[in-house]
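K.L.:
One structure, as structure tokens, below. Some questions next.
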Amino acid sequence: MKKFLICIVGAFLAVSTYAQSDDPSVKFAETITQDDMYENLSILASDALEGRETGERGQKMAAAFIASQFQEMGLQGPVANGGNSGFYQGVTLYTVKPGDIYAKSKDQQYANFEGVVYYGKSATDGEKTKDIVFVGAGTEEDFKNVDVKGKAVLAIVANTRAWRGPAELAEKNGAEVLFAVNTASDEEFDGLNNQLKHYLSGGSLSVQKPAQEGGASFDGVFFVKPSLAGDIFKTKIEKLRASIEDGKVSKATKPAKISYNISTKVEEMQTENVLGYLEGSDLKDELVVLTAHYDHVGVDGEEVYNGADDDGSGTSAVIEIAEAFVEAKKAGKGPRRSMLFMLVTGEEKGLLGSEYYAENPVFPLENTIVDLNIDMIGRVDEKHEANPNYVYLVGADRLSSELHEISEKVNETYTQFDLDYTYNDENHPDRIYYRSDHWNFAKNNVPIIFYFNGVHADYHKPTDTIDKINFELLTKRAQLVFHTAWVLSNRDQRPVVDKLQDQKVGSN
Ligand SMILES: [Zn+2]
């Protein structure tokens, strides 16, 4: 990190517009340089950091790097009892993985991913044995003709996706579980099996500890290998299929039973948000937050997903903006409000680090006047190839008209970007407002601005590498965020929140 050289600040004069020659913010913005950005990003986006996947070694290395930068520049670690001198907010995440799952006909047991694939979130208290009823293709008509209450049902559906209707009908009619043949042959089933094994055995991460109770009224769906369906009813699958064609489903089978067991296991993972704090002066109880996520999606075999733009660019920007504020404070121009620079974990797994912070805020959210969130600001998207002097802004006007006005004026004064509000349209199908970490502040009625360069061909690919970063743009966009934060941290009043978030509208 380059150190800021002593700068001579002229006598203070009251300013009515922002960018006057004695406006100190300009000098501190200039400490955010392309060289410093490159230095940070060459570490964050290096192969050595292994794609910074949440909970993995590369993420821990990135966290240590960020904390060491914060410490070196002189920020405080604000987390009471937090690791790494209070710079770490420990985040515990939970993942539910399939446990002991199987289905058993009279003669044979089929383990999960070996003849059956369980698709659901239930857990049985031990093995269940049920009468099983063949319901043909599982149409409304099919369910009318049989009593399935408290039983298991078997349906043969048209294709891999056609099981949802029968599953709903099974549940509605009081069945306890659905066995669905959704492939045409055993070979096709094996293909589906391998695909689903890849997706389902990893589980999904959450901040809340999942409940692991049995006793749900409907246990979900088992996809079954066609030959197994025949085995259950001691007949050939071809006979079952033919009975659907002939409209003789009710005569196709004799009474049969099936047993099944579903258990899950919950695993815990430790990860961390990295927080650096700079105390304000006369308005220090109020807080300006800057965020970016430092995690990315890891490795796939030998391939490293470097995540230079996503979100190495935002992480590097927040570090440099922090340093500019520290230098300002050292020069006697520190912010009136306090500043929290927070690099969050778990974004790629579902905005989990910021969700954790919003539920366990280190500083009261009521006193948090704004969150400026950066996710991908180092590239140019296709739309702006001809005129790359742009940045997308999202969310500035959603809670506070005043914040939007401040943001516009700051840009006009200092950076003169073409501010593109395409993604701010409430009806935009990409729903960006709900899709990065700022949302966890916005849903708590903390006004936010999100800075974004749009998507590109390397998004979430191993090719999101440092050589494709436009450092001039990255630096200038970081300066826009810096100036916006500067104005927000120093003005007399916090931005007025004149529109409240209806939480139901946005929750996803
Ligand atoms: Zn991202």
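To be explicit about the labels: the chains of the structure tokens are called A, B, and onward in the order shown, and within each one the residues are counted from 1, while ligands get numbers from 1 in the order they are shown.
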DSSP on the backbone, then: every residue of segment 41-207 of chain A marked strand (DSSP E or B), written as number ranges by chain.
P.N.:
A: 53, 76, 88-98, 102-104, 109-112, 116-119, 128-134, 152-156, 177-181, 204-206
K.L.:
Could you name the residues that touch Asp142 of chain A at 10 Å or less, counting only C-alpha atoms, but leaving out those on the same chain fewer than 3 positions away, as an NGL selection string?
P.N.:
:A and (134-139 or 145-146 or 155 or 166 or 169 or 244 or 247 or 249-250)
K.L.:
Any chance you can output those residues with C-alpha atoms as an mmCIF file, in the first residue's frame?
P.N.:
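Result written to again22.cif:
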```
data_model
loop_
_atom_site.group_PDB
_atom_site.id
_atom_site.type_symbol
_atom_site.label_atom_id
_atom_site.label_comp_id
_atom_site.auth_asym_id
_atom_site.auth_seq_id
_atom_site.Cartn_x
_atom_site.Cartn_y
_atom_site.Cartn_z
ATOM 1 C CA PHE A 134 -50.321 -47.224 -8.249
ATOM 2 C CA VAL A 135 -51.943 -44.025 -9.517
ATOM 3 C CA GLY A 136 -51.062 -44.283 -13.224
ATOM 4 C CA ALA A 137 -49.821 -40.963 -14.564
ATOM 5 C CA GLY A 138 -50.959 -39.220 -11.374
ATOM 6 C CA THR A 139 -53.612 -36.975 -12.917
ATOM 7 C CA ASN A 145 -60.452 -43.359 -8.193
ATOM 8 C CA VAL A 146 -58.312 -44.379 -5.235
ATOM 9 C CA ALA A 155 -46.923 -42.528 -10.532
ATOM 10 C CA PRO A 166 -48.723 -35.524 -9.116
ATOM 11 C CA LEU A 169 -52.147 -34.059 -5.768
ATOM 12 C CA ILE A 244 -52.071 -46.313 -18.387
ATOM 13 C CA GLY A 247 -57.130 -47.057 -19.027
ATOM 14 C CA VAL A 249 -54.616 -48.705 -14.033
ATOM 15 C CA SER A 250 -56.751 -50.032 -11.188
#
```
K.L.:
With only C-alpha atoms as the basis for distance, which of A:Ala45, A:Leu351, A:Val117, A:Ala292 is at the shortest distance from Leu200 of chain A?
P.N.:
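Of A:Ala45, A:Leu351, A:Val117, A:Ala292, the one nearest Leu200 of chain A, counting only C-alpha atoms, is A:Val117.
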K.L.:
Give me the residues near His296 of chain A as a VMD selection string, where near means some atom within 9 Å (using only C-alpha atoms) and where sequence neighbours in that chain fewer than 5 positions away do not count.
P.N.:
chain A and resid 51 to 54 59 305 to 307 310 to 312 345 to 349 460
K.L.:
So which bits of segment 220-465 of chain A end up helix (DSSP H, G or I) when you DSSP the backbone, as a VMD selection string?
P.N.:
chain A and resid 226 to 232 237 to 245 249 to 251 308 to 330 347 to 349 352 to 359 365 to 367 382 to 384 396 to 399 401 to 415 422 to 424 432 to 434 439 to 442
K.L.:
Need to verify the contact set: Phe471 of chain A, 9 Å, only C-alpha atoms, exclusion of same-chain residues closer than 5 positions in sequence. Can you return it as number ranges by chain?
P.N.:
A: 33-35, 37-38, 378-379, 476
K.L.:
Put those residues in a file: N, CA and C atoms, as a compact mmCIF listing (two decimals), in the first residue's frame.
P.N.:
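Writing the result to out_21.txt gives the following:
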```txt
# COMPACT_ATOMS: atom_id res chain seq x y z
N THR A 33 -5.49 5.10 -6.07
CA THR A 33 -4.76 5.07 -7.34
C THR A 33 -4.88 3.72 -8.03
N GLN A 34 -4.63 3.74 -9.32
CA GLN A 34 -4.63 2.51 -10.10
C GLN A 34 -3.59 1.52 -9.59
N ASP A 35 -2.42 2.03 -9.18
CA ASP A 35 -1.36 1.15 -8.68
C ASP A 35 -1.80 0.40 -7.42
N MET A 37 -4.88 -0.18 -6.47
CA MET A 37 -5.94 -1.11 -6.86
C MET A 37 -5.32 -2.38 -7.42
N TYR A 38 -4.32 -2.20 -8.27
CA TYR A 38 -3.69 -3.36 -8.90
C TYR A 38 -3.01 -4.23 -7.84
N GLY A 378 -15.14 -3.24 -12.16
CA GLY A 378 -13.87 -3.15 -12.89
C GLY A 378 -13.95 -3.45 -14.38
N ARG A 379 -15.18 -3.62 -14.89
CA ARG A 379 -15.31 -4.04 -16.29
C ARG A 379 -16.31 -3.15 -17.02
N LYS A 476 -11.69 5.23 -10.88
CA LYS A 476 -12.59 6.38 -10.93
C LYS A 476 -13.96 6.06 -10.30
```
K.L.:
Fewer than 4 positions away in the same chain doesn't count, so skip those; otherwise give me all residues within 7 Å of Ser206 of chain A, counting only C-alpha atoms, as a compact mmCIF listing (two decimals) with C-alpha atoms, in the first residue's frame.
P.N.:
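Done, and the output landed in out-v1.txt:
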```
# COMPACT_ATOMS: atom_id res chain seq x y z
CA LEU A 93 -23.45 -21.23 8.56
CA TYR A 94 -25.40 -24.46 8.39
CA THR A 95 -25.80 -26.90 5.60
CA LEU A 352 -25.33 -14.87 3.87
```
K.L.:
Nearest to ligand 1: which of A:Thr315, A:Gln493, A:Gln208, A:Thr124 is it, counting only C-alpha atoms and all ligand atoms?
P.N.:
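Of all the options, A:Thr315 lies closest to ligand 1.
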K.L.:
Name the residues in contact with Gln270 of chain A at a cut-off of 7 Å, using only C-alpha atoms, excluding same-chain residues fewer than 3 positions from it; report them as a PDB file with N, CA and C atoms, in the first residue's frame.
P.N.:
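For reference, part_14.pdb as written:
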```pdb
ATOM      1  N   GLY A  55     -15.834 -20.495   3.528  1.00  0.00           N
ATOM      2  CA  GLY A  55     -15.473 -21.598   4.418  1.00  0.00           C
ATOM      3  C   GLY A  55     -14.188 -22.300   4.021  1.00  0.00           C
ATOM      4  N   GLY A  90     -17.283 -13.447  13.373  1.00  0.00           N
ATOM      5  CA  GLY A  90     -17.471 -14.865  13.051  1.00  0.00           C
ATOM      6  C   GLY A  90     -18.897 -15.132  12.597  1.00  0.00           C
ATOM      7  N   VAL A  91     -19.050 -15.900  11.532  1.00  0.00           N
ATOM      8  CA  VAL A  91     -20.368 -16.230  10.993  1.00  0.00           C
ATOM      9  C   VAL A  91     -20.472 -17.751  10.943  1.00  0.00           C
ATOM     10  N   THR A  92     -21.458 -18.293  11.630  1.00  0.00           N
ATOM     11  CA  THR A  92     -21.689 -19.739  11.557  1.00  0.00           C
ATOM     12  C   THR A  92     -22.768 -20.013  10.525  1.00  0.00           C
ATOM     13  N   LEU A  93     -22.466 -20.866   9.579  1.00  0.00           N
ATOM     14  CA  LEU A  93     -23.451 -21.234   8.556  1.00  0.00           C
ATOM     15  C   LEU A  93     -23.757 -22.723   8.686  1.00  0.00           C
TER      16      LEU A  93
END
```
K.L.:
Could you list, as a list in words, every residue within 10 Å of Val181 of chain A, counting only C-alpha atoms and ignoring same-chain residues fewer than 5 positions away?
P.N.:
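My reading of the contact set: Val116, Ala137, Leu154, Ala155, Ile156, Val157, Ala158, Asn159, Thr160, Ala162, Trp163, Phe189, Phe222, Phe223, Val224, Lys225, Pro226, Ser227, Leu228, Ala229 and Ile237 of chain A.
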K.L.:
Could you write out the selected residues, including C-alpha atoms, as a short mmCIF file (atom, residue, chain, number, x, y, z; two decimals), in the first residue's frame?
P.N.:
```
data_model
loop_
_atom_site.label_atom_id
_atom_site.label_comp_id
_atom_site.auth_asym_id
_atom_site.auth_seq_id
_atom_site.Cartn_x
_atom_site.Cartn_y
_atom_site.Cartn_z
CA VAL A 116 -33.77 -43.99 -6.02
CA ALA A 137 -49.82 -40.96 -14.56
CA LEU A 154 -46.43 -44.56 -7.35
CA ALA A 155 -46.92 -42.53 -10.53
CA ILE A 156 -45.36 -42.90 -13.97
CA VAL A 157 -45.00 -39.39 -15.36
CA ALA A 158 -44.19 -38.13 -18.85
CA ASN A 159 -40.73 -36.69 -18.29
CA THR A 160 -38.20 -35.63 -15.66
CA ALA A 162 -43.63 -33.74 -14.87
CA TRP A 163 -43.73 -34.92 -11.25
CA PHE A 189 -32.47 -42.71 -14.90
CA PHE A 222 -38.50 -40.33 -4.54
CA PHE A 223 -37.54 -40.60 -8.21
CA VAL A 224 -37.25 -44.31 -8.94
CA LYS A 225 -35.54 -46.39 -11.54
CA PRO A 226 -38.15 -47.86 -13.91
CA SER A 227 -37.12 -51.46 -13.18
CA LEU A 228 -37.50 -50.82 -9.45
CA ALA A 229 -41.08 -49.67 -9.97
CA ILE A 237 -42.69 -51.72 -15.78
#
```
K.L.:
Given the choices A:Phe482, A:Leu488, A:Ser354, A:Leu49, which gets closest to Arg435 of chain A if the distance is worked out from only C-alpha atoms?
P.N.:
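Answer, going by the shortest atom-to-atom distance: A:Ser354.
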K.L.:
Find the distance between atom CA of Ala64 of chain A and atom CA of His438 of chain A and write it in Å to one decimal.
P.N.:
23.3 Å
K.L.:
Name the closest residue to ligand 1 among the candidates A:Ala175, A:Val446, A:Ala308, A:Ala478; distances are taken between atoms, counting only C-alpha atoms and all ligand atoms.
P.N.:
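The closest residue to ligand 1 is A:Ala308.
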K.L.:
Separation of atom CA of Val274 of chain A and atom CA of Ala324 of chain A, in Å?
P.N.:
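Between atom CA of Val274 of chain A and atom CA of Ala324 of chain A the gap is 18.1 Å.
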K.L.:
May I ask which of the residues A:Val380, A:Ile374, A:Ala29, A:Val133 is the closest one to ligand 1, counting only C-alpha atoms and all ligand atoms?
P.N.:
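The answer is A:Ile374, which sits nearest to ligand 1.
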K.L.:
Between A:Ser204, A:Asn424, A:Asn470, A:Gln89, which residue has the minimum interatomic distance to Ala358 of chain A, considering only C-alpha atoms?
P.N.:
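Ranked by minimum distance to Ala358 of chain A, first place goes to A:Gln89.
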K.L.:
Work out how far apart atom CA of Lys265 of chain A and atom CA of Tyr119 of chain A are and give it in Å to one decimal.
P.N.:
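It comes out at 15.0 Å.
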